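**Student:** So here's final.cif (mmCIF, C-alpha atoms and all ligand atoms).
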```cif
data_coords
loop_
_atom_site.label_atom_id
_atom_site.label_comp_id
_atom_site.auth_asym_id
_atom_site.auth_seq_id
_atom_site.Cartn_x
_atom_site.Cartn_y
_atom_site.Cartn_z
CA MET P 21 -13.87 -72.50 57.59
CA GLU P 22 -10.97 -71.59 59.82
CA LYS P 23 -8.93 -74.64 58.97
CA LEU P 24 -9.49 -74.11 55.27
CA PHE P 25 -8.40 -70.47 55.54
CA ASN P 26 -5.15 -71.77 56.96
CA TYR P 27 -4.90 -73.92 53.87
CA GLY P 28 -5.24 -70.84 51.67
CA TRP P 29 -9.00 -70.66 51.12
CA ASN P 30 -9.91 -67.16 49.92
CA PRO P 31 -12.64 -65.12 48.17
CA PHE P 32 -11.41 -66.19 44.73
CA PHE P 33 -12.43 -69.77 45.49
CA GLU P 34 -15.31 -68.90 47.77
CA GLU P 35 -17.08 -67.14 44.93
CA GLN P 36 -16.78 -70.19 42.71
CA PHE P 37 -18.02 -72.46 45.43
CA GLU P 38 -21.32 -70.53 45.81
CA GLU P 39 -23.09 -72.57 43.14
CA PHE P 40 -22.21 -75.90 44.80
CA LYS P 41 -22.93 -74.93 48.37
CA ASN P 42 -26.61 -75.74 48.43
CA ASN P 43 -26.21 -79.25 47.06
CA GLY P 44 -24.61 -80.49 50.24
CA LEU P 45 -21.19 -80.43 48.62
CA GLN P 46 -18.04 -79.44 50.48
CA VAL P 47 -14.57 -78.24 49.55
CA GLY P 48 -11.09 -79.34 50.37
CA ARG P 49 -7.55 -78.87 49.14
CA VAL P 50 -5.60 -81.64 47.45
CA ILE P 51 -2.46 -82.21 49.48
CA LYS P 52 -1.19 -85.23 47.60
CA GLU P 53 -1.89 -87.18 44.43
CA ASN P 54 -1.70 -90.93 44.83
CA LYS P 55 -1.92 -93.37 41.95
CA THR P 56 -5.63 -93.97 42.20
CA ASN P 57 -6.85 -91.39 44.71
CA TYR P 58 -6.08 -88.13 46.42
CA LEU P 59 -5.37 -86.97 49.95
CA VAL P 60 -7.56 -83.96 50.60
CA ALA P 61 -7.53 -81.57 53.55
CA THR P 62 -11.03 -80.58 54.62
CA GLU P 63 -12.32 -78.37 57.39
CA ASN P 64 -12.35 -81.32 59.79
CA GLU P 65 -9.71 -83.80 58.75
CA ILE P 66 -7.60 -85.22 55.97
CA ILE P 67 -9.54 -87.69 53.86
CA VAL P 68 -8.97 -89.98 50.91
CA ALA P 69 -10.96 -88.94 47.87
CA GLU P 70 -11.61 -90.38 44.44
CA ILE P 71 -12.80 -88.75 41.26
CA THR P 72 -16.09 -89.47 39.62
CA GLY P 73 -18.33 -88.74 36.66
CA LYS P 74 -17.12 -86.27 34.14
CA LEU P 75 -13.65 -86.11 35.65
CA MET P 76 -13.14 -89.80 34.97
CA PHE P 77 -13.70 -89.12 31.31
CA ALA P 78 -11.60 -86.02 31.14
CA ASN P 79 -9.69 -86.07 27.89
CA ASP P 80 -7.10 -83.62 29.06
CA GLN P 81 -4.78 -84.47 31.94
CA SER P 82 -4.91 -80.87 33.08
CA GLU P 83 -8.59 -81.22 34.03
CA LEU P 84 -7.72 -83.74 36.74
CA PRO P 85 -7.04 -82.60 40.30
CA LYS P 86 -3.44 -81.70 41.08
CA THR P 87 -1.64 -81.00 44.32
CA GLY P 88 -2.79 -77.60 45.51
CA ASP P 89 -6.18 -77.75 43.79
CA TRP P 90 -9.42 -76.91 45.54
CA VAL P 91 -11.94 -79.65 44.89
CA VAL P 92 -15.70 -79.93 45.38
CA MET P 93 -16.71 -83.17 47.07
CA ASN P 94 -19.35 -85.33 48.59
CA ILE P 95 -17.89 -86.27 51.93
CA PHE P 96 -18.81 -89.48 53.75
CA GLU P 97 -17.71 -88.52 57.19
CA ASP P 98 -17.96 -91.83 59.00
CA GLU P 99 -15.77 -93.45 56.35
CA HIS P 100 -13.33 -90.52 56.12
CA LYS P 101 -13.80 -90.62 52.38
CA GLY P 102 -14.83 -88.27 49.63
CA ILE P 103 -15.92 -88.26 46.01
CA ILE P 104 -14.53 -85.42 43.94
CA HIS P 105 -17.04 -83.83 41.56
CA ASP P 106 -15.25 -80.78 40.40
CA VAL P 107 -12.03 -78.80 40.47
CA LEU P 108 -12.36 -75.07 41.16
CA GLU P 109 -10.74 -72.74 38.69
CA ARG P 110 -7.04 -72.37 39.41
CA LYS P 111 -5.55 -69.06 40.38
CA THR P 112 -2.16 -70.12 39.08
CA VAL P 113 -0.82 -73.27 37.48
CA LEU P 114 2.83 -74.16 37.74
CA SER P 115 3.60 -76.23 34.70
CA ARG P 116 6.26 -77.11 32.28
CA LYS P 117 5.95 -78.11 28.72
CA ALA P 118 8.20 -80.81 27.48
CA VAL P 119 9.19 -79.86 23.96
CA ASP P 120 9.69 -83.42 22.91
CA LYS P 121 6.28 -84.46 24.14
CA LYS P 122 4.23 -82.54 21.62
CA ALA P 123 4.28 -79.56 23.91
CA GLN P 124 1.82 -81.11 26.31
CA GLU P 125 1.46 -79.17 29.48
CA GLN P 126 2.68 -81.01 32.54
CA ILE P 127 1.17 -79.53 35.66
CA ILE P 128 3.45 -79.49 38.67
CA ALA P 129 1.02 -77.94 41.15
CA ALA P 130 -1.91 -75.55 41.31
CA ASN P 131 -2.70 -72.35 43.17
CA ILE P 132 0.86 -71.44 44.01
CA ASP P 133 1.62 -67.93 45.29
CA TYR P 134 5.38 -68.17 45.56
CA ALA P 135 8.00 -70.56 44.28
CA PHE P 136 11.26 -71.13 46.10
CA VAL P 137 13.86 -72.05 43.53
CA VAL P 138 16.52 -73.96 45.41
CA GLN P 139 20.07 -74.30 44.14
CA SER P 140 22.86 -75.60 46.35
CA LEU P 141 25.92 -73.41 46.58
CA ASN P 142 28.36 -76.29 46.55
CA GLU P 143 27.72 -77.60 43.07
CA ASN P 144 24.23 -77.16 41.72
CA TYR P 145 24.30 -73.39 41.40
CA ASN P 146 23.99 -72.30 37.78
CA ILE P 147 22.77 -68.90 36.67
CA ASN P 148 21.38 -70.11 33.34
CA ARG P 149 19.39 -72.86 34.91
CA LEU P 150 18.17 -70.39 37.49
CA SER P 151 16.94 -68.05 34.81
CA ARG P 152 14.95 -70.85 33.19
CA TYR P 153 13.26 -71.60 36.46
CA LEU P 154 12.46 -67.94 36.97
CA VAL P 155 10.96 -67.62 33.52
CA MET P 156 8.84 -70.69 34.13
CA ILE P 157 7.59 -69.25 37.41
CA TYR P 158 6.87 -65.79 36.04
CA GLN P 159 4.95 -67.32 33.21
CA CYS P 160 2.77 -69.20 35.65
CA GLY P 161 1.87 -66.03 37.49
CA ALA P 162 3.66 -66.96 40.71
CA GLU P 163 6.44 -65.00 42.32
CA PRO P 164 9.91 -66.54 42.53
CA ILE P 165 12.21 -66.40 45.54
CA VAL P 166 15.74 -67.79 45.18
CA ILE P 167 17.18 -70.03 47.87
CA LEU P 168 20.91 -70.67 47.72
CA SER P 169 21.34 -73.67 50.01
CA LYS P 170 24.27 -75.44 51.66
CA ALA P 171 26.13 -72.21 52.36
CA ASP P 172 28.38 -74.23 54.69
CA LEU P 173 29.85 -75.98 51.66
CA CYS P 174 30.80 -72.88 49.72
CA ASP P 175 33.69 -70.42 50.01
CA ASP P 176 32.49 -67.66 47.72
CA VAL P 177 28.87 -67.18 48.70
CA GLU P 178 29.11 -63.43 48.09
CA SER P 179 30.13 -63.68 44.46
CA LYS P 180 27.18 -65.96 43.75
CA ILE P 181 24.79 -63.62 45.52
CA ASP P 182 26.17 -60.78 43.43
CA GLU P 183 25.69 -62.68 40.23
CA VAL P 184 22.06 -63.43 41.04
CA LYS P 185 21.46 -59.84 42.12
CA ASN P 186 22.97 -58.45 38.96
CA ASN P 187 20.89 -60.69 36.77
CA PHE P 188 17.64 -60.50 38.71
CA PRO P 189 17.58 -57.38 40.86
CA GLU P 190 13.86 -57.81 41.53
CA VAL P 191 14.15 -61.25 43.05
CA LYS P 192 14.56 -61.94 46.73
CA ILE P 193 17.50 -64.19 47.69
CA ILE P 194 17.70 -66.31 50.83
CA ILE P 195 20.89 -68.08 51.88
CA THR P 196 20.46 -71.24 53.92
CA ASN P 197 22.53 -73.73 55.81
CA ILE P 198 20.59 -76.51 57.42
CA ASN P 199 22.87 -76.41 60.46
CA ASP P 200 22.39 -72.70 61.02
CA PRO P 201 19.05 -72.10 62.77
CA LYS P 202 19.27 -68.38 62.01
CA SER P 203 19.09 -69.03 58.29
CA ILE P 204 16.03 -71.21 58.80
CA GLU P 205 14.47 -68.40 60.79
CA VAL P 206 15.05 -65.98 57.93
CA LEU P 207 13.40 -68.44 55.57
CA SER P 208 10.45 -68.90 57.87
CA HIS P 209 10.00 -65.13 58.19
CA ASN P 210 9.56 -65.00 54.47
CA ILE P 211 6.57 -67.30 54.61
CA GLU P 212 3.22 -65.61 54.97
CA LYS P 213 0.16 -67.15 56.57
CA GLY P 214 -2.38 -68.48 54.11
CA LYS P 215 -0.01 -68.30 51.14
CA THR P 216 1.27 -71.27 49.21
CA TYR P 217 4.97 -71.82 48.55
CA ILE P 218 6.37 -74.52 46.33
CA PHE P 219 9.96 -75.74 46.59
CA ILE P 220 11.53 -76.61 43.26
CA GLY P 221 15.04 -77.43 42.13
CA SER P 222 17.33 -80.33 41.28
CA SER P 223 17.46 -83.49 43.32
CA GLY P 224 19.70 -83.32 46.38
CA VAL P 225 19.81 -79.55 46.80
CA GLY P 226 18.07 -79.82 50.16
CA LYS P 227 14.40 -78.97 49.53
CA SER P 228 12.99 -81.59 51.89
CA SER P 229 15.62 -80.85 54.52
CA LEU P 230 14.50 -77.21 54.58
CA ILE P 231 10.84 -78.19 54.74
CA ASN P 232 11.57 -80.57 57.61
CA GLU P 233 13.18 -77.69 59.49
CA LEU P 234 10.18 -75.47 58.82
CA ILE P 235 7.74 -78.12 59.96
CA GLY P 236 9.92 -78.89 62.94
CA GLU P 237 9.91 -82.64 62.43
CA GLU P 238 11.21 -85.23 60.05
CA LYS P 239 8.13 -85.45 57.83
CA GLN P 240 10.00 -85.73 54.59
CA LYS P 241 12.45 -88.39 53.73
CA THR P 242 15.91 -87.17 52.81
CA ILE P 243 18.89 -89.15 51.61
CA GLU P 244 22.27 -88.80 53.22
CA ILE P 245 24.82 -87.58 50.69
CA ARG P 246 28.44 -87.34 51.70
CA GLU P 247 30.44 -85.92 48.88
CA SER P 248 28.16 -84.15 46.51
CA ASP P 249 24.60 -83.53 45.54
CA SER P 250 22.86 -86.66 44.54
CA ARG P 251 22.62 -87.84 41.00
CA GLY P 252 20.03 -90.28 39.94
CA ARG P 253 18.67 -90.86 43.41
CA HIS P 254 15.52 -89.04 44.35
CA ALA P 255 14.58 -88.92 47.99
CA THR P 256 11.22 -87.30 47.37
CA THR P 257 8.98 -89.11 44.93
CA SER P 258 5.76 -87.14 44.96
CA ARG P 259 4.46 -83.64 45.44
CA GLU P 260 3.03 -83.05 48.84
CA LEU P 261 1.54 -80.07 50.60
CA PHE P 262 2.19 -79.31 54.27
CA LEU P 263 0.69 -76.81 56.65
CA LEU P 264 3.20 -74.97 58.83
CA GLN P 265 2.52 -74.20 62.45
CA ASP P 266 2.67 -70.48 61.83
CA GLY P 267 0.21 -70.74 58.99
CA GLY P 268 2.15 -70.93 55.71
CA ILE P 269 1.60 -73.71 53.22
CA VAL P 270 4.57 -75.44 51.61
CA ILE P 271 4.74 -77.98 48.81
CA ASP P 272 7.67 -80.35 48.47
CA THR P 273 8.48 -81.71 45.02
CA PRO P 274 10.77 -84.38 43.65
CA GLY P 275 13.93 -82.94 42.15
CA MET P 276 13.39 -81.79 38.63
CA ARG P 277 15.57 -83.31 36.06
CA GLY P 278 15.90 -81.95 32.55
CA ILE P 279 14.51 -78.56 33.12
CA LYS P 280 16.05 -78.00 29.73
CA LEU P 281 12.54 -76.94 29.04
CA TRP P 282 11.11 -75.27 26.05
CA PHE P 283 13.28 -72.29 26.80
CA SER P 284 16.66 -73.75 26.08
CA ASP P 285 17.77 -73.12 22.57
CA ASP P 286 19.19 -76.55 21.99
CA GLY P 287 16.08 -78.27 23.28
CA PHE P 288 14.13 -76.22 20.82
CA SER P 289 16.10 -76.80 17.69
CA ASN P 290 16.82 -80.47 18.37
CA THR P 291 13.19 -81.27 18.03
CA PHE P 292 12.83 -79.23 14.94
CA ASP P 293 16.04 -79.97 13.09
CA ASP P 294 14.40 -80.29 9.70
CA PHE P 295 12.71 -77.01 10.34
CA GLU P 296 15.96 -75.24 10.95
CA GLU P 297 17.30 -76.77 7.79
CA LEU P 298 14.33 -75.65 5.74
CA SER P 299 14.48 -72.12 7.05
CA GLN P 300 18.00 -71.76 5.68
CA ASN P 301 16.31 -71.44 2.34
CA CYS P 302 13.85 -68.74 3.33
CA LYS P 303 14.39 -65.43 1.62
CA TYR P 304 14.54 -63.45 4.86
CA ALA P 305 16.88 -64.40 7.64
CA ASP P 306 14.33 -63.44 10.29
CA CYS P 307 11.47 -65.17 8.48
CA THR P 308 8.62 -66.06 10.83
CA HIS P 309 7.32 -68.66 8.34
CA ILE P 310 3.80 -67.31 8.73
CA HIS P 311 3.15 -64.81 5.96
CA GLU P 312 6.40 -64.17 4.11
CA THR P 313 6.87 -64.67 0.41
CA ASP P 314 9.60 -67.07 -0.67
CA CYS P 315 9.37 -68.93 2.61
CA ALA P 316 10.80 -72.43 2.29
CA VAL P 317 8.78 -73.65 5.26
CA LEU P 318 5.46 -72.51 3.81
CA GLU P 319 6.43 -74.05 0.49
CA ALA P 320 7.17 -77.38 2.15
CA LEU P 321 3.83 -77.14 3.89
CA GLU P 322 2.09 -76.49 0.59
CA ASN P 323 3.69 -79.35 -1.30
CA GLY P 324 3.12 -81.72 1.59
CA THR P 325 6.72 -82.50 2.59
CA LEU P 326 6.02 -80.83 5.92
CA GLN P 327 3.12 -82.01 8.05
CA GLN P 328 0.56 -79.44 9.08
CA LYS P 329 0.64 -80.70 12.64
CA LYS P 330 4.37 -80.31 12.95
CA TYR P 331 4.12 -76.85 11.46
CA ASP P 332 1.42 -75.81 13.94
CA ASN P 333 3.47 -77.10 16.81
CA TYR P 334 6.51 -75.24 15.67
CA ILE P 335 4.70 -71.95 15.28
CA LYS P 336 3.11 -72.33 18.68
CA LEU P 337 6.41 -73.04 20.36
CA HIS P 338 8.13 -70.32 18.43
CA LYS P 339 5.61 -67.78 19.67
CA GLU P 340 6.10 -69.01 23.20
CA GLN P 341 9.83 -68.75 22.86
CA LYS P 342 9.49 -65.17 21.69
CA TYR P 343 7.18 -64.43 24.57
CA LEU P 344 9.64 -65.83 27.06
CA GLU P 345 12.41 -63.82 25.53
CA THR P 346 10.41 -60.64 26.03
CA LEU P 347 9.81 -61.65 29.63
CA VAL P 348 13.52 -61.97 30.14
CA ASP P 349 14.06 -58.69 28.32
CA HIS P 350 11.51 -57.12 30.59
CA ASN P 351 13.54 -58.23 33.53
CA ALA P 352 16.66 -56.75 32.04
CA TYR P 353 14.72 -53.57 31.36
CA LEU P 354 13.68 -53.35 35.01
CA ALA P 355 17.27 -53.89 36.07
CA GLU P 356 18.44 -51.16 33.75
CA LYS P 357 15.75 -48.81 35.02
CA ARG P 358 16.77 -49.44 38.57
CA LYS P 359 20.41 -48.88 37.71
CA TRP P 360 19.63 -45.49 36.20
CA LYS P 361 17.53 -44.55 39.18
CA GLU P 362 20.51 -45.29 41.39
CA ILE P 363 22.82 -43.30 39.16
CA LYS P 364 20.42 -40.39 39.18
CA LYS P 365 20.09 -40.60 42.93
CA SER P 366 23.82 -40.43 43.50
CA TYR P 367 24.10 -37.71 40.89
CA ASP P 368 21.40 -35.65 42.65
CA LYS P 369 23.07 -36.22 45.96
CA HIS P 370 26.39 -35.19 44.55
CA PHE P 371 24.82 -32.11 43.00
CA LYS P 372 23.09 -31.11 46.23
CA ASN P 373 26.35 -31.44 48.15
CA LYS P 374 28.06 -29.27 45.56
CA LYS P 375 25.39 -26.60 45.97
CA ARG P 376 25.77 -26.55 49.67
CA HIS P 377 29.48 -25.85 49.49
N1 LIG Y 1 26.10 -79.61 54.26
C1 LIG Y 1 24.80 -79.46 54.06
N2 LIG Y 1 24.04 -80.50 53.67
C2 LIG Y 1 22.72 -80.31 53.46
C3 LIG Y 1 22.12 -79.04 53.64
N3 LIG Y 1 20.79 -79.15 53.35
C4 LIG Y 1 20.59 -80.46 53.01
N4 LIG Y 1 21.74 -81.16 53.07
C5 LIG Y 1 21.92 -82.59 52.77
O1 LIG Y 1 21.70 -82.81 51.38
C6 LIG Y 1 21.13 -84.08 51.16
C7 LIG Y 1 19.92 -84.02 50.25
O2 LIG Y 1 18.90 -83.27 50.89
P1 LIG Y 1 17.38 -83.44 50.55
O3 LIG Y 1 16.64 -82.50 51.45
O4 LIG Y 1 16.94 -84.85 50.54
O5 LIG Y 1 17.34 -82.91 49.04
P2 LIG Y 1 16.05 -82.74 48.09
O6 LIG Y 1 16.25 -81.47 47.35
O7 LIG Y 1 14.81 -82.87 48.87
O8 LIG Y 1 16.23 -83.98 47.07
P3 LIG Y 1 15.07 -84.74 46.24
O9 LIG Y 1 13.98 -85.09 47.19
O10 LIG Y 1 15.77 -85.93 45.67
O11 LIG Y 1 14.62 -83.79 45.19
C8 LIG Y 1 20.85 -84.66 52.53
O12 LIG Y 1 21.91 -85.52 52.86
C9 LIG Y 1 20.89 -83.46 53.45
O13 LIG Y 1 21.30 -83.78 54.75
C10 LIG Y 1 22.95 -77.94 54.08
O14 LIG Y 1 22.52 -76.79 54.27
N5 LIG Y 1 24.27 -78.20 54.25
MG MG Y 2 13.21 -84.12 48.68
ZN ZN Y 3 10.23 -68.94 6.27
#
```
Will you turn the file into structure tokens for me?
**Tutor:**
Amino acid sequence: MEKLFNYGWNPFFEEQFEEFKNNGLQVGRVIKENKTNYLVATENEIIVAEITGKLMFANDQSELPKTGDWVVMNIFEDEHKGIIHDVLERKTVLSRKAVDKKAQEQIIAANIDYAFVVQSLNENYNINRLSRYLVMIYQCGAEPIVILSKADLCDDVESKIDEVKNNFPEVKIIITNINDPKSIEVLSHNIEKGKTYIFIGSSGVGKSSLINELIGEEKQKTIEIRESDSRGRHATTSRELFLLQDGGIVIDTPGMRGIKLWFSDDGFSNTFDDFEELSQNCKYADCTHIHETDCAVLEALENGTLQQKKYDNYIKLHKEQKYLETLVDHNAYLAEKRKWKEIKKSYDKHFKNKKRH
């Protein structure tokens, strides 16, 4: 299983695979989703695999294999083909929920350990957008690492680093410039063998360029941009997983547009305008519209002017929103704690010095 270990195979998946082992089934990791089939890395080679049976009738998109998934297959070696029977339980799922699409989960990739959030220093950098990415990653159980790219095109790198540090003291920051091999080295030192790293961020910020440098060859298509980061043109069109020579696993993704997400306030209220209007008439300003008396929303629900489905959706999203806010608060709390620790440290030091004199 040496090859598969390189691809991130570990006891978490091994345990699940036990029950399939004796039926002549094998495992592999999905490295790319095509329209009608999947590229899967197996112990011996990369094969093309298709889904079968119960997966074909899956009623939820999330049950289908995604890039990064470990799948159980029948492999036909002489044809270099496989039939996928099952998807092993995911350790993490990186997903986003489009508010306007009935909050359906859209899976970006599975079994991610770390996510590199890439923002280019010349024009894409934006602390609010960054925080949305970080929240999304934390919520998926992965660990974020910030990459500020295109350092060669920016005059005040330090002030941007400071801003990120002040907002997210727990998060590692890597500065890159594609023409500076040292910065690529730093990036590569942050990639651990057997762990999976996804690159996410807007189109044109340089995700594929960085991955090409890590791989050491031009595997990923990039588009030459002269003046500014690209708008509307995506060089990368699908998610694909690559194995690095030194053992890390990286996933390239197409630039994300509209990571307005569920987190952004405007995205939230736009979809639920009538809701906001109704809640103006609730007795309590902080009404949760779940159990309060004199709640205009519950009244509308009762007399049928508000659909149950819409109500359920709203409550679900509202809870999520609250949850995300606590996550962000938690981050702020950690920052505050660290700040006080520092203050105490310098205070103690100061005090000790005083004593000595
Ligand atoms: N000056 C400068 N240009 C860079 C740097 N990194 C990437 N670029 C250029 O930025 C452009 C876009 O890079 P890509 O790697 O295709 O960007 P991407 O994030 O993969 O874009 P999508 O695949 O569309 O999501 C290319 O022209 C790169 O040559 C850098 O560090 N400095
Ligand atoms: Mg790309
Ligand atoms: Zn209410």
**Student:** Would you mind reading off the distance between atom CA of P:Tyr217 and atom CA of P:Asn131, one decimal, in Å?
**Tutor:**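 Going from atom CA of P:Tyr217 over to atom CA of P:Asn131 covers 9.4 Å.
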**Student:** At what distance in Å, to one decimal, does atom CA of P:Asp266 lie from atom CA of P:Glu190?
**Tutor:**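 Atom CA of P:Asp266 lies at a distance of 26.4 Å from atom CA of P:Glu190.
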**Student:** Taking all listed atoms of ligand LIG 1 (chain Y), build the axis-aligned box, pad each of the six sides by 4 Å, then write its centre and edge lengths in Å to one decimal as AutoDock Vina command-line options.
**Tutor:**
```
--center_x 20.0 --center_y -81.4 --center_z 50.0 --size_x 20.1 --size_y 17.1 --size_z 17.6
```
**Student:** Have a look at atom CA of P:Gln126 and atom CA of P:Pro164 and let me know their distance in Å, one decimal.
**Tutor:**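 Atom-to-atom, atom CA of P:Gln126 and atom CA of P:Pro164 are spaced 19.0 Å apart.
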**Student:** Using only C-alpha atoms and all ligand atoms, find the one residue out of P:Val138, P:Ile165, P:Ile310, P:Ile335 that sits nearest to ligand LIG 1 (chain Y).
**Tutor:** P:Val138
**Student:** List all protein, DNA and RNA residues that have any atom at most 7 Å from ligand ZN 3 (chain Y), counting only C-alpha atoms and all ligand atoms, and write the list as a ChimeraX atom specification.
**Tutor:** /P:299,302,307-309,312,315-318
**Student:** Choose the residue, out of P:Leu326, P:Leu263, P:Ile271, P:Val191, that has the smallest atom-to-atom separation from ligand MG 2 (chain Y); count only C-alpha atoms and all ligand atoms.
**Tutor:**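 Among P:Leu326, P:Leu263, P:Ile271, P:Val191, it is P:Ile271 that comes nearest to ligand MG 2 (chain Y).
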**Student:** Between P:Ala129, P:Ala305, P:Ile363, P:Val225, which is the closest to ligand LIG 1 (chain Y) once you count all atoms listed in the file?
**Tutor:**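 Residue with the minimum atom-to-atom distance to ligand LIG 1 (chain Y): P:Val225.
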**Student:** Looking at P:Ile193, P:Leu207, P:Ile71, P:Val60, which one is nearest to P:Leu150, with distances taken over only C-alpha atoms?
**Tutor:**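 Of P:Ile193, P:Leu207, P:Ile71, P:Val60, the one nearest P:Leu150, counting only C-alpha atoms, is P:Ile193.
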**Student:** Could you check which of P:Asp368, P:Asp272, P:Glu205, P:Glu63 is closest to ligand LIG 1 (chain Y), using all atoms listed in the file?
**Tutor:**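 Looking at the shortest contact to ligand LIG 1 (chain Y), the residue is P:Asp272.
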**Student:** Have a look at P:Phe219, P:Phe40, P:Phe33, P:Phe77 and name the one nearest to ligand LIG 1 (chain Y); count all atoms listed in the file.
**Tutor:**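 Smallest distance to ligand LIG 1 (chain Y) is found for P:Phe219.
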**Student:** May I have the residues within 8 Å of stretch 89-95 of chain P as an NGL selection string, using only C-alpha atoms and disregarding those fewer than 3 positions away in the same chain?
**Tutor:** :P and (33 or 37 or 40 or 44-50 or 85-86 or 100-108 or 110 or 129-131)
**Student:** Would you mind listing what lies within 12 Å of P:Pro201 as JSON, numbers by chain, with only C-alpha atoms counted and same-chain residues fewer than 5 positions away left out?
**Tutor:** {"P": [195, 196, 206, 207, 208, 230, 233, 234, 236]}
**Student:** Can you pull out the residues contacting P:Glu183? Cut-off 9 Å, using only C-alpha atoms, and skip same-chain residues under 5 positions away; I want them as a PDB file with C-alpha atoms, keeping the file's coordinate frame.
**Tutor:**
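result_39.pdb was written with the following content:
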```pdb
ATOM      1  CA  ILE P 147      22.770 -68.900  36.670  1.00  0.00           C
ATOM      2  CA  GLU P 178      29.110 -63.430  48.090  1.00  0.00           C
ATOM      3  CA  PHE P 188      17.640 -60.500  38.710  1.00  0.00           C
TER       4      PHE P 188
END
```
